[in-house]
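Dropping target-v9.pdb in here (PDB, C-alpha atoms, pLDDT in the B column):
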ATOM      1  CA  MET A   1     -23.784   9.549 -59.529  1.00 40.00           C
ATOM      2  CA  VAL A   2     -25.828  10.894 -56.630  1.00 39.00           C
ATOM      3  CA  ALA A   3     -29.608  10.686 -56.811  1.00 43.00           C
ATOM      4  CA  SER A   4     -31.531  13.915 -57.191  1.00 43.00           C
ATOM      5  CA  GLY A   5     -32.438  15.488 -53.864  1.00 44.00           C
ATOM      6  CA  THR A   6     -29.572  13.841 -51.944  1.00 41.00           C
ATOM      7  CA  SER A   7     -27.425  16.293 -50.021  1.00 41.00           C
ATOM      8  CA  LEU A   8     -23.653  15.873 -50.297  1.00 40.00           C
ATOM      9  CA  THR A   9     -22.900  17.072 -46.766  1.00 39.00           C
ATOM     10  CA  PRO A  10     -20.019  15.638 -44.725  1.00 38.00           C
ATOM     11  CA  LEU A  11     -22.612  14.084 -42.422  1.00 37.00           C
ATOM     12  CA  ASN A  12     -24.145  12.112 -45.285  1.00 38.00           C
ATOM     13  CA  LEU A  13     -20.806  11.052 -46.728  1.00 32.00           C
ATOM     14  CA  PHE A  14     -19.257   9.739 -43.524  1.00 36.00           C
ATOM     15  CA  ALA A  15     -22.243   8.653 -41.452  1.00 39.00           C
ATOM     16  CA  SER A  16     -21.757   5.316 -39.722  1.00 43.00           C
ATOM     17  CA  SER A  17     -24.127   2.435 -40.397  1.00 50.00           C
ATOM     18  CA  LYS A  18     -23.804   1.372 -36.751  1.00 54.00           C
ATOM     19  CA  PRO A  19     -26.696   2.306 -34.439  1.00 55.00           C
ATOM     20  CA  ALA A  20     -26.249   4.804 -31.624  1.00 53.00           C
ATOM     21  CA  GLY A  21     -24.746   3.175 -28.557  1.00 57.00           C
ATOM     22  CA  TRP A  22     -23.173   0.353 -30.553  1.00 69.00           C
ATOM     23  CA  ARG A  23     -19.992  -1.158 -29.190  1.00 81.00           C
ATOM     24  CA  PRO A  24     -17.915  -4.240 -30.040  1.00 92.00           C
ATOM     25  CA  LEU A  25     -18.501  -7.422 -28.090  1.00 96.00           C
ATOM     26  CA  LEU A  26     -16.561  -8.134 -24.912  1.00 97.00           C
ATOM     27  CA  VAL A  27     -15.830 -11.591 -23.501  1.00 97.00           C
ATOM     28  CA  LEU A  28     -14.453 -12.355 -20.040  1.00 97.00           C
ATOM     29  CA  ALA A  29     -12.424 -15.573 -20.071  1.00 97.00           C
ATOM     30  CA  SER A  30     -13.384 -16.395 -16.499  1.00 94.00           C
ATOM     31  CA  ALA A  31     -16.289 -17.555 -14.372  1.00 92.00           C
ATOM     32  CA  SER A  32     -15.001 -15.572 -11.383  1.00 92.00           C
ATOM     33  CA  PRO A  33     -17.751 -13.417  -9.846  1.00 93.00           C
ATOM     34  CA  ARG A  34     -15.032 -11.116  -8.515  1.00 94.00           C
ATOM     35  CA  ARG A  35     -13.591 -10.398 -11.970  1.00 96.00           C
ATOM     36  CA  LEU A  36     -17.071  -9.918 -13.387  1.00 96.00           C
ATOM     37  CA  ALA A  37     -17.935  -7.448 -10.617  1.00 96.00           C
ATOM     38  CA  LEU A  38     -14.703  -5.524 -11.179  1.00 96.00           C
ATOM     39  CA  LEU A  39     -15.348  -5.186 -14.912  1.00 95.00           C
ATOM     40  CA  GLU A  40     -18.864  -3.969 -14.234  1.00 94.00           C
ATOM     41  CA  GLN A  41     -17.494  -1.536 -11.656  1.00 94.00           C
ATOM     42  CA  ALA A  42     -15.527   0.052 -14.514  1.00 94.00           C
ATOM     43  CA  GLY A  43     -18.679   0.288 -16.637  1.00 93.00           C
ATOM     44  CA  LEU A  44     -17.712  -2.701 -18.774  1.00 94.00           C
ATOM     45  CA  LYS A  45     -20.383  -5.382 -19.047  1.00 93.00           C
ATOM     46  CA  PRO A  46     -19.167  -8.517 -20.842  1.00 95.00           C
ATOM     47  CA  ASP A  47     -21.432 -10.133 -23.391  1.00 95.00           C
ATOM     48  CA  ALA A  48     -20.294 -13.641 -22.473  1.00 96.00           C
ATOM     49  CA  LEU A  49     -18.174 -15.596 -19.998  1.00 96.00           C
ATOM     50  CA  LEU A  50     -15.849 -18.199 -21.497  1.00 95.00           C
ATOM     51  CA  PRO A  51     -13.843 -19.831 -18.695  1.00 94.00           C
ATOM     52  CA  SER A  52     -11.248 -22.452 -19.578  1.00 89.00           C
ATOM     53  CA  ASP A  53     -10.275 -25.627 -17.771  1.00 88.00           C
ATOM     54  CA  LEU A  54      -6.491 -25.326 -17.625  1.00 91.00           C
ATOM     55  CA  ASP A  55      -3.868 -27.043 -15.520  1.00 92.00           C
ATOM     56  CA  GLU A  56      -2.649 -24.127 -13.420  1.00 92.00           C
ATOM     57  CA  SER A  57       0.285 -25.970 -11.861  1.00 93.00           C
ATOM     58  CA  PRO A  58       3.568 -24.054 -12.075  1.00 95.00           C
ATOM     59  CA  LEU A  59       6.301 -25.471 -14.280  1.00 95.00           C
ATOM     60  CA  LYS A  60       9.482 -26.633 -12.647  1.00 95.00           C
ATOM     61  CA  GLY A  61      11.473 -23.581 -11.557  1.00 94.00           C
ATOM     62  CA  GLU A  62       8.831 -21.171 -12.868  1.00 97.00           C
ATOM     63  CA  ARG A  63       8.786 -17.795 -11.145  1.00 97.00           C
ATOM     64  CA  PRO A  64       5.493 -16.428  -9.755  1.00 97.00           C
ATOM     65  CA  ARG A  65       5.494 -13.493 -12.191  1.00 97.00           C
ATOM     66  CA  ASP A  66       6.022 -15.804 -15.163  1.00 98.00           C
ATOM     67  CA  LEU A  67       3.285 -18.171 -14.017  1.00 98.00           C
ATOM     68  CA  ALA A  68       0.727 -15.342 -13.792  1.00 98.00           C
ATOM     69  CA  ARG A  69       1.692 -14.106 -17.264  1.00 98.00           C
ATOM     70  CA  ARG A  70       1.640 -17.585 -18.831  1.00 98.00           C
ATOM     71  CA  LEU A  71      -1.751 -18.557 -17.406  1.00 98.00           C
ATOM     72  CA  ALA A  72      -3.411 -15.257 -18.313  1.00 98.00           C
ATOM     73  CA  ARG A  73      -2.224 -15.644 -21.906  1.00 98.00           C
ATOM     74  CA  ALA A  74      -3.256 -19.311 -22.019  1.00 97.00           C
ATOM     75  CA  LYS A  75      -6.758 -18.407 -20.825  1.00 97.00           C
ATOM     76  CA  ALA A  76      -7.039 -15.698 -23.483  1.00 97.00           C
ATOM     77  CA  GLU A  77      -5.861 -18.091 -26.193  1.00 96.00           C
ATOM     78  CA  ALA A  78      -8.307 -20.793 -25.050  1.00 96.00           C
ATOM     79  CA  ALA A  79     -11.215 -18.339 -25.130  1.00 95.00           C
ATOM     80  CA  LEU A  80     -10.082 -17.039 -28.530  1.00 93.00           C
ATOM     81  CA  ALA A  81     -10.160 -20.605 -29.846  1.00 93.00           C
ATOM     82  CA  GLY A  82     -13.619 -21.058 -28.344  1.00 93.00           C
ATOM     83  CA  LEU A  83     -14.922 -18.065 -30.286  1.00 93.00           C
ATOM     84  CA  LYS A  84     -14.529 -20.050 -33.498  1.00 91.00           C
ATOM     85  CA  SER A  85     -17.598 -22.075 -32.533  1.00 94.00           C
ATOM     86  CA  ARG A  86     -19.532 -18.997 -31.418  1.00 93.00           C
ATOM     87  CA  PRO A  87     -20.553 -16.971 -34.474  1.00 94.00           C
ATOM     88  CA  ASP A  88     -22.636 -14.765 -32.171  1.00 94.00           C
ATOM     89  CA  LEU A  89     -19.363 -13.557 -30.618  1.00 95.00           C
ATOM     90  CA  GLU A  90     -17.468 -12.907 -33.840  1.00 92.00           C
ATOM     91  CA  GLY A  91     -15.072  -9.976 -33.546  1.00 93.00           C
ATOM     92  CA  ALA A  92     -15.156  -9.888 -29.742  1.00 96.00           C
ATOM     93  CA  TYR A  93     -12.425  -8.596 -27.488  1.00 97.00           C
ATOM     94  CA  VAL A  94     -11.362 -11.140 -24.853  1.00 97.00           C
ATOM     95  CA  ILE A  95     -10.065 -10.293 -21.387  1.00 98.00           C
ATOM     96  CA  ALA A  96      -8.315 -12.957 -19.285  1.00 98.00           C
ATOM     97  CA  ALA A  97      -6.439 -12.787 -15.999  1.00 97.00           C
ATOM     98  CA  ASP A  98      -4.645 -14.932 -13.476  1.00 97.00           C
ATOM     99  CA  THR A  99      -3.537 -14.142  -9.927  1.00 97.00           C
ATOM    100  CA  VAL A 100      -0.584 -15.694  -8.117  1.00 98.00           C
ATOM    101  CA  VAL A 101       0.315 -15.194  -4.447  1.00 98.00           C
ATOM    102  CA  ALA A 102       3.931 -15.766  -3.468  1.00 98.00           C
ATOM    103  CA  VAL A 103       6.290 -15.511  -0.531  1.00 97.00           C
ATOM    104  CA  GLY A 104       9.671 -14.985  -2.133  1.00 94.00           C
ATOM    105  CA  ARG A 105       9.732 -17.464  -5.015  1.00 93.00           C
ATOM    106  CA  ARG A 106       7.378 -19.844  -3.235  1.00 96.00           C
ATOM    107  CA  ILE A 107       4.015 -19.952  -5.027  1.00 97.00           C
ATOM    108  CA  LEU A 108       1.060 -20.479  -2.709  1.00 97.00           C
ATOM    109  CA  PRO A 109      -1.777 -22.717  -3.911  1.00 95.00           C
ATOM    110  CA  LYS A 110      -5.450 -21.986  -4.391  1.00 94.00           C
ATOM    111  CA  ALA A 111      -6.443 -23.674  -1.170  1.00 94.00           C
ATOM    112  CA  GLU A 112      -9.149 -26.327  -1.358  1.00 95.00           C
ATOM    113  CA  ILE A 113      -8.739 -28.094   1.997  1.00 96.00           C
ATOM    114  CA  VAL A 114      -8.444 -26.707   5.528  1.00 97.00           C
ATOM    115  CA  ASP A 115      -4.928 -27.994   6.180  1.00 97.00           C
ATOM    116  CA  GLU A 116      -3.659 -26.384   2.981  1.00 97.00           C
ATOM    117  CA  ALA A 117      -5.339 -23.066   3.866  1.00 97.00           C
ATOM    118  CA  ALA A 118      -3.956 -23.148   7.414  1.00 98.00           C
ATOM    119  CA  GLN A 119      -0.435 -23.684   6.085  1.00 97.00           C
ATOM    120  CA  CYS A 120      -0.766 -20.706   3.733  1.00 98.00           C
ATOM    121  CA  LEU A 121      -2.122 -18.397   6.412  1.00 98.00           C
ATOM    122  CA  ARG A 122       0.547 -19.340   8.938  1.00 97.00           C
ATOM    123  CA  LEU A 123       3.172 -18.580   6.308  1.00 97.00           C
ATOM    124  CA  LEU A 124       1.604 -15.177   5.558  1.00 98.00           C
ATOM    125  CA  SER A 125       1.103 -14.253   9.221  1.00 98.00           C
ATOM    126  CA  GLY A 126       3.198 -11.210  10.157  1.00 97.00           C
ATOM    127  CA  ARG A 127       5.099 -11.336   6.864  1.00 96.00           C
ATOM    128  CA  ALA A 128       5.348  -9.515   3.564  1.00 97.00           C
ATOM    129  CA  HIS A 129       4.269 -11.241   0.383  1.00 98.00           C
ATOM    130  CA  ARG A 130       3.567 -10.366  -3.241  1.00 98.00           C
ATOM    131  CA  VAL A 131       0.595 -10.802  -5.501  1.00 98.00           C
ATOM    132  CA  TYR A 132       1.129 -10.990  -9.262  1.00 98.00           C
ATOM    133  CA  THR A 133      -1.815 -10.600 -11.603  1.00 98.00           C
ATOM    134  CA  GLY A 134      -1.380 -11.167 -15.300  1.00 98.00           C
ATOM    135  CA  VAL A 135      -3.868  -9.615 -17.717  1.00 98.00           C
ATOM    136  CA  ALA A 136      -4.141 -10.638 -21.363  1.00 98.00           C
ATOM    137  CA  LEU A 137      -6.308  -8.973 -23.990  1.00 98.00           C
ATOM    138  CA  ALA A 138      -7.062 -10.800 -27.237  1.00 96.00           C
ATOM    139  CA  THR A 139      -8.164  -8.335 -29.923  1.00 95.00           C
ATOM    140  CA  PRO A 140     -10.556  -8.993 -32.831  1.00 93.00           C
ATOM    141  CA  SER A 141      -7.494  -9.300 -35.095  1.00 91.00           C
ATOM    142  CA  GLY A 142      -6.162 -12.155 -32.932  1.00 90.00           C
ATOM    143  CA  ALA A 143      -3.293 -10.169 -31.405  1.00 94.00           C
ATOM    144  CA  ILE A 144      -2.676 -10.572 -27.674  1.00 96.00           C
ATOM    145  CA  ARG A 145      -1.588  -7.699 -25.447  1.00 97.00           C
ATOM    146  CA  GLU A 146      -0.314  -8.404 -21.935  1.00 97.00           C
ATOM    147  CA  ARG A 147       0.380  -6.696 -18.617  1.00 97.00           C
ATOM    148  CA  ILE A 148       1.722  -8.017 -15.330  1.00 98.00           C
ATOM    149  CA  VAL A 149       0.904  -6.162 -12.115  1.00 98.00           C
ATOM    150  CA  GLU A 150       2.834  -6.687  -8.895  1.00 98.00           C
ATOM    151  CA  THR A 151       1.442  -5.704  -5.504  1.00 98.00           C
ATOM    152  CA  ARG A 152       3.291  -5.931  -2.190  1.00 98.00           C
ATOM    153  CA  LEU A 153       1.374  -6.636   1.004  1.00 98.00           C
ATOM    154  CA  ARG A 154       2.049  -7.294   4.652  1.00 98.00           C
ATOM    155  CA  PHE A 155      -0.292  -9.175   6.977  1.00 98.00           C
ATOM    156  CA  LYS A 156      -0.595  -8.572  10.685  1.00 98.00           C
ATOM    157  CA  ARG A 157       0.466 -11.396  12.944  1.00 98.00           C
ATOM    158  CA  LEU A 158      -2.517 -13.711  13.055  1.00 98.00           C
ATOM    159  CA  SER A 159      -3.547 -15.094  16.427  1.00 97.00           C
ATOM    160  CA  ASN A 160      -4.769 -18.654  16.841  1.00 97.00           C
ATOM    161  CA  GLU A 161      -8.257 -17.215  17.225  1.00 97.00           C
ATOM    162  CA  ASP A 162      -7.885 -15.292  13.943  1.00 97.00           C
ATOM    163  CA  LEU A 163      -6.789 -18.438  12.144  1.00 97.00           C
ATOM    164  CA  GLU A 164      -9.437 -20.715  13.609  1.00 97.00           C
ATOM    165  CA  ASN A 165     -12.307 -18.370  12.904  1.00 97.00           C
ATOM    166  CA  TYR A 166     -11.152 -17.422   9.421  1.00 97.00           C
ATOM    167  CA  LEU A 167     -10.752 -21.068   8.510  1.00 97.00           C
ATOM    168  CA  ALA A 168     -14.225 -21.743   9.894  1.00 97.00           C
ATOM    169  CA  SER A 169     -15.644 -18.985   7.658  1.00 96.00           C
ATOM    170  CA  GLY A 170     -14.752 -20.938   4.518  1.00 96.00           C
ATOM    171  CA  GLU A 171     -13.994 -17.688   2.711  1.00 95.00           C
ATOM    172  CA  TRP A 172     -10.515 -18.954   1.815  1.00 96.00           C
ATOM    173  CA  ARG A 173     -11.724 -21.838  -0.314  1.00 96.00           C
ATOM    174  CA  GLY A 174     -10.454 -21.699  -3.901  1.00 93.00           C
ATOM    175  CA  LYS A 175      -8.552 -18.451  -3.282  1.00 94.00           C
ATOM    176  CA  ALA A 176      -4.883 -17.999  -4.171  1.00 95.00           C
ATOM    177  CA  GLY A 177      -2.924 -17.862  -0.937  1.00 96.00           C
ATOM    178  CA  ALA A 178      -6.078 -18.917   0.968  1.00 97.00           C
ATOM    179  CA  TYR A 179      -7.525 -15.448   1.372  1.00 97.00           C
ATOM    180  CA  ALA A 180      -9.846 -12.930  -0.258  1.00 96.00           C
ATOM    181  CA  ILE A 181      -8.768  -9.343   0.373  1.00 97.00           C
ATOM    182  CA  GLN A 182     -12.251  -8.031  -0.437  1.00 96.00           C
ATOM    183  CA  GLY A 183     -13.657 -10.010   2.472  1.00 96.00           C
ATOM    184  CA  ILE A 184     -12.733 -10.675   6.077  1.00 97.00           C
ATOM    185  CA  ALA A 185      -9.031 -10.973   5.242  1.00 97.00           C
ATOM    186  CA  GLY A 186      -8.971  -7.317   4.270  1.00 97.00           C
ATOM    187  CA  SER A 187      -8.676  -6.669   8.013  1.00 97.00           C
ATOM    188  CA  PHE A 188      -5.401  -8.652   8.075  1.00 98.00           C
ATOM    189  CA  VAL A 189      -3.634  -6.251   5.699  1.00 98.00           C
ATOM    190  CA  VAL A 190      -1.268  -3.844   7.455  1.00 98.00           C
ATOM    191  CA  LYS A 191       0.240  -2.415   4.265  1.00 98.00           C
ATOM    192  CA  LEU A 192      -0.466  -2.574   0.542  1.00 98.00           C
ATOM    193  CA  VAL A 193       1.662  -1.053  -2.210  1.00 98.00           C
ATOM    194  CA  GLY A 194       0.331  -1.518  -5.709  1.00 97.00           C
ATOM    195  CA  SER A 195      -3.093  -2.454  -7.079  1.00 98.00           C
ATOM    196  CA  TYR A 196      -5.911  -3.395  -4.715  1.00 98.00           C
ATOM    197  CA  THR A 197      -8.090  -4.521  -7.630  1.00 98.00           C
ATOM    198  CA  GLY A 198      -5.157  -6.583  -8.874  1.00 98.00           C
ATOM    199  CA  VAL A 199      -5.173  -8.496  -5.586  1.00 98.00           C
ATOM    200  CA  VAL A 200      -8.927  -9.022  -5.915  1.00 97.00           C
ATOM    201  CA  GLY A 201      -8.291 -10.526  -9.333  1.00 96.00           C
ATOM    202  CA  LEU A 202      -8.342  -7.920 -12.117  1.00 97.00           C
ATOM    203  CA  PRO A 203      -6.275  -4.700 -12.048  1.00 97.00           C
ATOM    204  CA  LEU A 204      -8.727  -2.168 -13.421  1.00 97.00           C
ATOM    205  CA  HIS A 205      -6.279   0.556 -14.406  1.00 97.00           C
ATOM    206  CA  GLU A 206      -4.225  -1.771 -16.589  1.00 97.00           C
ATOM    207  CA  THR A 207      -7.285  -3.586 -17.980  1.00 97.00           C
ATOM    208  CA  VAL A 208      -9.032  -0.382 -19.022  1.00 97.00           C
ATOM    209  CA  ASN A 209      -5.823   0.960 -20.551  1.00 97.00           C
ATOM    210  CA  LEU A 210      -5.337  -2.226 -22.574  1.00 97.00           C
ATOM    211  CA  LEU A 211      -8.883  -2.065 -23.933  1.00 96.00           C
ATOM    212  CA  GLY A 212      -8.732   1.648 -24.668  1.00 95.00           C
ATOM    213  CA  GLY A 213      -5.378   1.300 -26.383  1.00 95.00           C
ATOM    214  CA  GLU A 214      -6.875  -1.259 -28.761  1.00 95.00           C
ATOM    215  CA  GLY A 215      -9.845   0.881 -29.694  1.00 93.00           C
ATOM    216  CA  PHE A 216     -12.520  -0.461 -27.348  1.00 94.00           C
ATOM    217  CA  PRO A 217     -14.947   2.341 -26.340  1.00 92.00           C
ATOM    218  CA  ILE A 218     -14.339   2.047 -22.612  1.00 90.00           C
ATOM    219  CA  ARG A 219     -16.414   5.093 -21.638  1.00 88.00           C
ATOM    220  CA  LEU A 220     -19.626   4.114 -23.422  1.00 84.00           C
ATOM    221  CA  GLY A 221     -20.974   2.241 -20.408  1.00 77.00           C
ATOM    222  CA  TRP A 222     -20.326   5.173 -18.104  1.00 80.00           C
ATOM    223  CA  LEU A 223     -23.414   6.961 -19.460  1.00 74.00           C
ATOM    224  CA  ASN A 224     -25.698   4.410 -17.790  1.00 66.00           C
ATOM    225  CA  ALA A 225     -23.629   3.887 -14.645  1.00 60.00           C
ATOM    226  CA  ALA A 226     -25.759   6.083 -12.364  1.00 57.00           C
TER     227      ALA A 226
END
As a first step, turn the structure in this file into C-alpha cells.
Amino acid sequence: MVASGTSLTPLNLFASSKPAGWRPLLVLASASPRRLALLEQAGLKPDALLPSDLDESPLKGERPRDLARRLARAKAEAALAGLKSRPDLEGAYVIAADTVVAVGRRILPKAEIVDEAAQCLRLLSGRAHRVYTGVALATPSGAIRERIVETRLRFKRLSNEDLENYLASGEWRGKAGAYAIQGIAGSFVVKLVGSYTGVVGLPLHETVNLLGGEGFPIRLGWLNAA
C-alpha cells in the first residue's frame, strides 16, 4: 500500500538511491606513474593503487605476446585477491597491464644497469621491433576480461653520441627495452604502427572499451576534465 500523498510517477518508482555523480570504484593494479597519468588523461581517476610484487621472468620458450598477457592477468588476479582485505574497495573494477618489448622472439629486459641498457639500445638501433601490452580487467563479479595490443616500431640508427648521452640521462632505468617513448627516446622513433599509449604502458582505446563493455561509466569524469 502506498502512503497517502505519495505520487506513483515513474520517477518515484524507479529513482535510484545512489547520489548524483556516483560511480563504482576503480583500482589500478600498478604503481606506474605513466599508467596513472594515462588513465587520468582518459578522465578515469582510480580510487586506489594496488601494485603486486610478481616474478616477471618469461617462462622457458614463452612468446612475448603470451608473456604480456600472462603477467597482466596475474597482476589483475593479485589485486583482486588483495581486495578481500580492503572492505573500502568492495565491488571495485581492477585494471592491470604489462608491457613487453621484443625483437623477433627475443624479449628485452626492464633494464636496471647501464650495460644491460646499452645492449638493448644497440640491438634496437636502426631496427624494427614490437611492443606487446596486455590489459586485464577484473570486474566486480570476479570475471577477467583481456586484450593484447601489438605495436610495431622502428628506431633510427643511434650514433655513439646518442647512446652515451641517453644512457647518461638515466631515463632508461626500469623501462622495458631500456627506453621510454614519452621521453627523449621518442625522438629515436622513425615509424610507429599501432598504439602509442600502448607503448607508454596502457593502451587507452582498449582499456576504455573494456571498462565500458562491463558497465563502468567511462564518461562520468569527462564532465570535470576542463
Sphere at (-12.6, -7.0, -30.4), radius 8 Å, counting all atoms listed in the file: residues as a VMD selection string
chain A and resid 24 to 26 91 to 94 138 to 141 216
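Those residues that approach Gly213 (chain A) to within 12 Å, counting all atoms listed in the file, are Leu137, Thr139, Arg145, Glu146, Glu206, Thr207, Val208, Asn209, Pro217 and Ile218 of chain A; same-chain residues fewer than 4 positions away are not listed.
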Please report the interatomic distance between CA of Arg154 (chain A) and CA of Leu124 (chain A) in Å with one decimal.
7.9 Å
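Distances to Arg65 (chain A) were evaluated for A:Gly134, A:Gly126, A:Gly104, A:Gly43 using all atoms listed in the file, and the minimum falls at A:Gly134.
The neighbours of region 173-176 of chain A here are the residues that come within 6 Å of it, using only C-alpha atoms and leaving out any residue fewer than 5 positions away in the same chain; they are Val101, Pro109, Lys110, Ala111 and Glu112 of chain A.
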Quick one: which residues end up in the PyMOL selection byres ((chain A and resi 29) around 8) for this structure, as a ChimeraX atom specification?
/A:27-28,30-31,49-52,75-76,79,94-97
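Across A:Ala168, A:Ala128, A:Ile144, A:Ala102, the tightest approach to Lys156 (chain A) is made by A:Ala128 when counting only C-alpha atoms.
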Selection result of the PyMOL selection byres ((chain A and resi 200) around 9) on this file, as a PyMOL selection string:
chain A and resi 34-35+38+99+180-182+195-199+201-203
Save out the residues we just selected, C-alpha atoms, as a CSV table (one decimal), in the coordinates of the input.
chain,number,residue,atom,x,y,z
A,34,ARG,CA,-15.0,-11.1,-8.5
A,35,ARG,CA,-13.6,-10.4,-12.0
A,38,LEU,CA,-14.7,-5.5,-11.2
A,99,THR,CA,-3.5,-14.1,-9.9
A,180,ALA,CA,-9.8,-12.9,-0.3
A,181,ILE,CA,-8.8,-9.3,0.4
A,182,GLN,CA,-12.3,-8.0,-0.4
A,195,SER,CA,-3.1,-2.5,-7.1
A,196,TYR,CA,-5.9,-3.4,-4.7
A,197,THR,CA,-8.1,-4.5,-7.6
A,198,GLY,CA,-5.2,-6.6,-8.9
A,199,VAL,CA,-5.2,-8.5,-5.6
A,201,GLY,CA,-8.3,-10.5,-9.3
A,202,LEU,CA,-8.3,-7.9,-12.1
A,203,PRO,CA,-6.3,-4.7,-12.0
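Proximity of A:Gln41, A:Thr133, A:Ser85, A:Asn165 to Leu71 (chain A), computed with all atoms listed in the file, is greatest for A:Thr133.
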Between A:Leu83, A:Leu36, A:Ala143, A:Leu158, which has the minimum distance to Ser187 (chain A) (counting only C-alpha atoms)?
A:Leu158
For a quick check of understanding, using all atoms listed in the file, which of A:Ala185, A:Ala48, A:Val190, A:Gly82 has the smallest distance to Leu153 (chain A)?
A:Val190
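Of the listed residues (A:His129, A:Arg86, A:Lys45, A:Arg105), A:Arg105 comes nearest to Leu67 (chain A); the distances count all atoms listed in the file.
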Run the PyMOL selection byres ((chain A and resi 192) around 6) against the file shown and list the residues it catches, as an mmCIF file with C-alpha atoms, keeping the file's coordinate frame.
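Written file, part.cif:
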data_model
loop_
_atom_site.group_PDB
_atom_site.id
_atom_site.type_symbol
_atom_site.label_atom_id
_atom_site.label_comp_id
_atom_site.auth_asym_id
_atom_site.auth_seq_id
_atom_site.Cartn_x
_atom_site.Cartn_y
_atom_site.Cartn_z
ATOM 1 C CA ARG A 152 3.291 -5.931 -2.190
ATOM 2 C CA LEU A 153 1.374 -6.636 1.004
ATOM 3 C CA LYS A 191 0.240 -2.415 4.265
ATOM 4 C CA VAL A 193 1.662 -1.053 -2.210
#
Between CA of Pro87 (chain A) and CA of Leu220 (chain A), distance in Å (one decimal):
23.8 Å
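CA of Gly221 (chain A) sits 20.5 Å away from CA of Glu90 (chain A).
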Give me the residues within 9 Å of Arg219 (chain A) as an NGL selection string, counting all atoms listed in the file and dropping any in the same chain fewer than 4 places off.
:A and (42-44 or 212 or 223)
Which polymer residues, protein or nucleic acid, are no farther than 8 Å from (0.8, -11.1, -11.9), counting all atoms listed in the file, as a PyMOL selection string?
chain A and resi 64-69+98-100+131-135+148-150
Using the incomplete input, complete region 67-78 of chain A to the level of N, CA, C and O atoms; output as an mmCIF file, in the coordinates of the input.
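And here's out_3.cif as it stands now:
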data_model
loop_
_atom_site.group_PDB
_atom_site.id
_atom_site.type_symbol
_atom_site.label_atom_id
_atom_site.label_comp_id
_atom_site.auth_asym_id
_atom_site.auth_seq_id
_atom_site.Cartn_x
_atom_site.Cartn_y
_atom_site.Cartn_z
ATOM 1 N N LEU A 67 4.470 -17.312 -14.068
ATOM 2 C CA LEU A 67 3.285 -18.171 -14.017
ATOM 3 C C LEU A 67 2.021 -17.348 -14.264
ATOM 4 O O LEU A 67 1.149 -17.757 -15.040
ATOM 5 N N ALA A 68 1.904 -16.197 -13.605
ATOM 6 C CA ALA A 68 0.727 -15.342 -13.792
ATOM 7 C C ALA A 68 0.594 -14.904 -15.239
ATOM 8 O O ALA A 68 -0.503 -14.908 -15.818
ATOM 9 N N ARG A 69 1.711 -14.538 -15.857
ATOM 10 C CA ARG A 69 1.692 -14.106 -17.264
ATOM 11 C C ARG A 69 1.300 -15.265 -18.177
ATOM 12 O O ARG A 69 0.462 -15.102 -19.081
ATOM 13 N N ARG A 70 1.904 -16.433 -17.957
ATOM 14 C CA ARG A 70 1.640 -17.585 -18.831
ATOM 15 C C ARG A 70 0.177 -18.012 -18.761
ATOM 16 O O ARG A 70 -0.457 -18.279 -19.792
ATOM 17 N N LEU A 71 -0.379 -18.084 -17.551
ATOM 18 C CA LEU A 71 -1.751 -18.557 -17.406
ATOM 19 C C LEU A 71 -2.760 -17.547 -17.950
ATOM 20 O O LEU A 71 -3.761 -17.937 -18.555
ATOM 21 N N ALA A 72 -2.496 -16.264 -17.754
ATOM 22 C CA ALA A 72 -3.411 -15.257 -18.313
ATOM 23 C C ALA A 72 -3.448 -15.369 -19.839
ATOM 24 O O ALA A 72 -4.525 -15.343 -20.451
ATOM 25 N N ARG A 73 -2.278 -15.515 -20.444
ATOM 26 C CA ARG A 73 -2.224 -15.644 -21.906
ATOM 27 C C ARG A 73 -2.891 -16.937 -22.370
ATOM 28 O O ARG A 73 -3.636 -16.936 -23.363
ATOM 29 N N ALA A 74 -2.661 -18.027 -21.642
ATOM 30 C CA ALA A 74 -3.256 -19.311 -22.019
ATOM 31 C C ALA A 74 -4.785 -19.251 -21.948
ATOM 32 O O ALA A 74 -5.491 -19.811 -22.796
ATOM 33 N N LYS A 75 -5.302 -18.554 -20.947
ATOM 34 C CA LYS A 75 -6.758 -18.407 -20.825
ATOM 35 C C LYS A 75 -7.315 -17.584 -21.978
ATOM 36 O O LYS A 75 -8.384 -17.892 -22.521
ATOM 37 N N ALA A 76 -6.601 -16.526 -22.355
ATOM 38 C CA ALA A 76 -7.039 -15.698 -23.483
ATOM 39 C C ALA A 76 -7.023 -16.505 -24.780
ATOM 40 O O ALA A 76 -7.951 -16.422 -25.589
ATOM 41 N N GLU A 77 -5.976 -17.283 -24.973
ATOM 42 C CA GLU A 77 -5.861 -18.091 -26.193
ATOM 43 C C GLU A 77 -6.947 -19.162 -26.244
ATOM 44 O O GLU A 77 -7.515 -19.431 -27.318
ATOM 45 N N ALA A 78 -7.259 -19.772 -25.090
ATOM 46 C CA ALA A 78 -8.307 -20.793 -25.050
ATOM 47 C C ALA A 78 -9.667 -20.182 -25.385
ATOM 48 O O ALA A 78 -10.463 -20.764 -26.131
#
